[in-house]
$ cat model12.cif   # mmCIF, C-alpha atoms, pLDDT in the B column; chains and numbers go by the auth columns
data_query
#
loop_
_atom_site.group_PDB
_atom_site.id
_atom_site.type_symbol
_atom_site.label_atom_id
_atom_site.label_comp_id
_atom_site.label_asym_id
_atom_site.label_seq_id
_atom_site.Cartn_x
_atom_site.Cartn_y
_atom_site.Cartn_z
_atom_site.B_iso_or_equiv
_atom_site.auth_seq_id
_atom_site.auth_asym_id
ATOM 1 C CA MET A 1 -43.851 8.794 21.448 63.00 1 T
ATOM 2 C CA ILE A 2 -43.439 12.278 20.017 65.00 2 T
ATOM 3 C CA ALA A 3 -47.131 12.440 19.085 63.00 3 T
ATOM 4 C CA HIS A 4 -48.124 11.439 22.624 66.00 4 T
ATOM 5 C CA GLN A 5 -45.987 14.155 24.259 69.00 5 T
ATOM 6 C CA ALA A 6 -47.103 16.774 21.740 66.00 6 T
ATOM 7 C CA GLY A 7 -50.698 15.765 22.372 68.00 7 T
ATOM 8 C CA ARG A 8 -50.311 16.430 26.070 75.00 8 T
ATOM 9 C CA ARG A 9 -48.824 19.864 25.458 77.00 9 T
ATOM 10 C CA THR A 10 -51.306 20.985 22.801 77.00 10 T
ATOM 11 C CA GLY A 11 -54.451 19.255 24.009 79.00 11 T
ATOM 12 C CA LEU A 12 -54.945 17.610 20.613 78.00 12 T
ATOM 13 C CA SER A 13 -55.404 13.907 19.992 80.00 13 T
ATOM 14 C CA ARG A 14 -52.212 11.973 19.325 80.00 14 T
ATOM 15 C CA ASN A 15 -53.884 10.616 16.178 82.00 15 T
ATOM 16 C CA THR A 16 -54.421 14.162 14.925 79.00 16 T
ATOM 17 C CA ILE A 17 -50.805 15.074 15.658 77.00 17 T
ATOM 18 C CA ARG A 18 -49.549 11.895 13.978 81.00 18 T
ATOM 19 C CA LYS A 19 -51.659 12.723 10.907 82.00 19 T
ATOM 20 C CA HIS A 20 -50.165 16.222 10.661 77.00 20 T
ATOM 21 C CA LEU A 21 -46.613 14.973 11.258 79.00 21 T
ATOM 22 C CA ASN A 22 -46.978 12.410 8.479 83.00 22 T
ATOM 23 C CA ALA A 23 -48.482 14.970 6.108 83.00 23 T
ATOM 24 C CA GLY A 24 -45.878 17.597 6.999 77.00 24 T
ATOM 25 C CA THR A 25 -48.557 20.206 7.718 71.00 25 T
ATOM 26 C CA ILE A 26 -49.413 22.285 10.733 70.00 26 T
ATOM 27 C CA GLU A 27 -53.042 22.714 11.695 65.00 27 T
ATOM 28 C CA PRO A 28 -53.907 26.426 11.728 63.00 28 T
ATOM 29 C CA ARG A 29 -55.173 27.999 14.928 68.00 29 T
ATOM 30 C CA PHE A 30 -58.030 30.434 14.529 68.00 30 T
ATOM 31 C CA ALA A 31 -58.351 33.322 16.925 74.00 31 T
ATOM 32 C CA THR A 32 -61.586 33.352 18.889 77.00 32 T
ATOM 33 C CA PRO A 33 -63.197 36.799 18.831 84.00 33 T
ATOM 34 C CA GLU A 34 -63.721 38.503 22.168 88.00 34 T
ATOM 35 C CA ARG A 35 -67.380 38.340 23.104 89.00 35 T
ATOM 36 C CA PRO A 36 -68.980 40.221 25.958 90.00 36 T
ATOM 37 C CA SER A 37 -70.614 38.129 28.649 91.00 37 T
ATOM 38 C CA LYS A 38 -74.383 38.161 28.939 92.00 38 T
ATOM 39 C CA LEU A 39 -73.894 38.924 32.628 92.00 39 T
ATOM 40 C CA ASP A 40 -71.800 42.063 32.025 92.00 40 T
ATOM 41 C CA PRO A 41 -74.765 44.457 32.403 93.00 41 T
ATOM 42 C CA PHE A 42 -75.543 42.891 35.808 94.00 42 T
ATOM 43 C CA ALA A 43 -71.971 42.407 37.078 93.00 43 T
ATOM 44 C CA GLU A 44 -72.009 45.292 39.561 95.00 44 T
ATOM 45 C CA LYS A 45 -75.349 44.252 41.061 95.00 45 T
ATOM 46 C CA LEU A 46 -74.259 40.608 41.362 92.00 46 T
ATOM 47 C CA ALA A 47 -70.969 41.592 42.992 92.00 47 T
ATOM 48 C CA ALA A 48 -72.848 43.729 45.525 93.00 48 T
ATOM 49 C CA TRP A 49 -75.215 40.850 46.324 91.00 49 T
ATOM 50 C CA LEU A 50 -72.317 38.454 46.825 89.00 50 T
ATOM 51 C CA LYS A 51 -70.576 40.958 49.080 90.00 51 T
ATOM 52 C CA THR A 52 -73.650 41.315 51.315 90.00 52 T
ATOM 53 C CA GLU A 53 -74.191 37.543 51.413 88.00 53 T
ATOM 54 C CA ALA A 54 -70.566 36.948 52.430 87.00 54 T
ATOM 55 C CA GLY A 55 -71.170 38.936 55.623 86.00 55 T
ATOM 56 C CA LYS A 56 -74.059 36.743 56.739 86.00 56 T
ATOM 57 C CA SER A 57 -73.776 33.591 58.784 86.00 57 T
ATOM 58 C CA ARG A 58 -73.585 30.312 56.903 83.00 58 T
ATOM 59 C CA LYS A 59 -77.219 29.323 57.482 84.00 59 T
ATOM 60 C CA GLN A 60 -78.503 32.736 56.421 83.00 60 T
ATOM 61 C CA ARG A 61 -76.615 32.819 53.100 79.00 61 T
ATOM 62 C CA ARG A 62 -78.220 32.153 49.753 75.00 62 T
ATOM 63 C CA SER A 63 -76.310 29.887 47.418 69.00 63 T
#
$ encode --input "model12.cif" --output "structure tokens"
Amino acid sequence: MIAHQAGRRTGLSRNTIRKHLNAGTIEPRFATPERPSKLDPFAEKLAAWLKTEAGKSRKQRRS
């Protein structure tokens, strides 16, 4: 029951949690490095396009 509740909170499989509880270890969490988005250079242009499209009627908008 503990493994099931811990699995919900952590997003890990209850089998994985049960394995670590039985072994007495804690699985290390590795920090994910911050990566820039490929769209970052175009963000301003895309935002401007979306702003102009939002002002148009529904049938005239591009999706």
$ atom_distance --input "model12.cif" --atom1 "CA of Arg8 in chain T" --atom2 "CA of Thr25 in chain T"
18.8 Å
$ atom_distance --input "model12.cif" --atom1 "CA of Trp49 in chain T" --atom2 "CA of Arg62 in chain T"
9.8 Å
$ atom_distance --input "model12.cif" --atom1 "CA of Ile26 in chain T" --atom2 "CA of Arg14 in chain T"
13.7 Å
$ decode --input "model12.cif" --residues "range 3-53 of chain T" --atoms "C-alpha atoms" --output "short mmCIF file (atom, residue, chain, number, x, y, z; two decimals), in the first residue's frame"
data_model
loop_
_atom_site.label_atom_id
_atom_site.label_comp_id
_atom_site.auth_asym_id
_atom_site.auth_seq_id
_atom_site.Cartn_x
_atom_site.Cartn_y
_atom_site.Cartn_z
CA ALA T 3 4.49 1.67 -2.59
CA HIS T 4 1.22 2.44 -4.38
CA GLN T 5 0.76 5.80 -2.63
CA ALA T 6 4.42 6.72 -3.10
CA GLY T 7 4.13 5.80 -6.76
CA ARG T 8 1.27 8.22 -7.22
CA ARG T 9 3.19 11.05 -5.58
CA THR T 10 6.50 10.47 -7.36
CA GLY T 11 5.27 9.24 -10.73
CA LEU T 12 7.41 6.10 -10.46
CA SER T 13 6.17 2.55 -10.82
CA ARG T 14 5.10 0.87 -7.60
CA ASN T 15 7.42 -2.02 -8.52
CA THR T 16 10.36 0.38 -8.70
CA ILE T 17 9.45 1.90 -5.33
CA ARG T 18 9.01 -1.55 -3.78
CA LYS T 19 12.44 -2.55 -5.11
CA HIS T 20 14.09 0.51 -3.55
CA LEU T 21 12.23 0.08 -0.25
CA ASN T 22 13.36 -3.54 -0.01
CA ALA T 23 16.95 -2.64 -0.88
CA GLY T 24 16.97 0.33 1.49
CA THR T 25 18.23 2.68 -1.24
CA ILE T 26 16.91 5.87 -2.73
CA GLU T 27 17.06 6.34 -6.48
CA PRO T 28 19.07 9.49 -7.26
CA ARG T 29 17.43 12.29 -9.20
CA PHE T 30 19.57 13.91 -11.85
CA ALA T 31 19.07 17.55 -12.67
CA THR T 32 18.10 18.22 -16.26
CA PRO T 33 20.21 21.01 -17.76
CA GLU T 34 18.36 24.07 -19.01
CA ARG T 35 18.25 24.02 -22.79
CA PRO T 36 17.12 26.88 -24.97
CA SER T 37 14.15 26.23 -27.21
CA LYS T 38 14.70 26.02 -30.94
CA LEU T 39 11.88 28.54 -31.30
CA ASP T 40 13.53 31.17 -29.07
CA PRO T 41 15.02 33.13 -32.01
CA PHE T 42 11.54 33.36 -33.57
CA ALA T 43 9.49 33.93 -30.39
CA GLU T 44 8.85 37.64 -30.95
CA LYS T 45 7.76 37.14 -34.57
CA LEU T 46 5.46 34.24 -33.63
CA ALA T 47 3.90 36.22 -30.79
CA ALA T 48 3.23 39.12 -33.16
CA TRP T 49 1.60 36.78 -35.70
CA LEU T 50 -0.62 35.25 -33.03
CA LYS T 51 -1.62 38.70 -31.82
CA THR T 52 -2.68 39.79 -35.31
CA GLU T 53 -4.54 36.52 -35.93
#
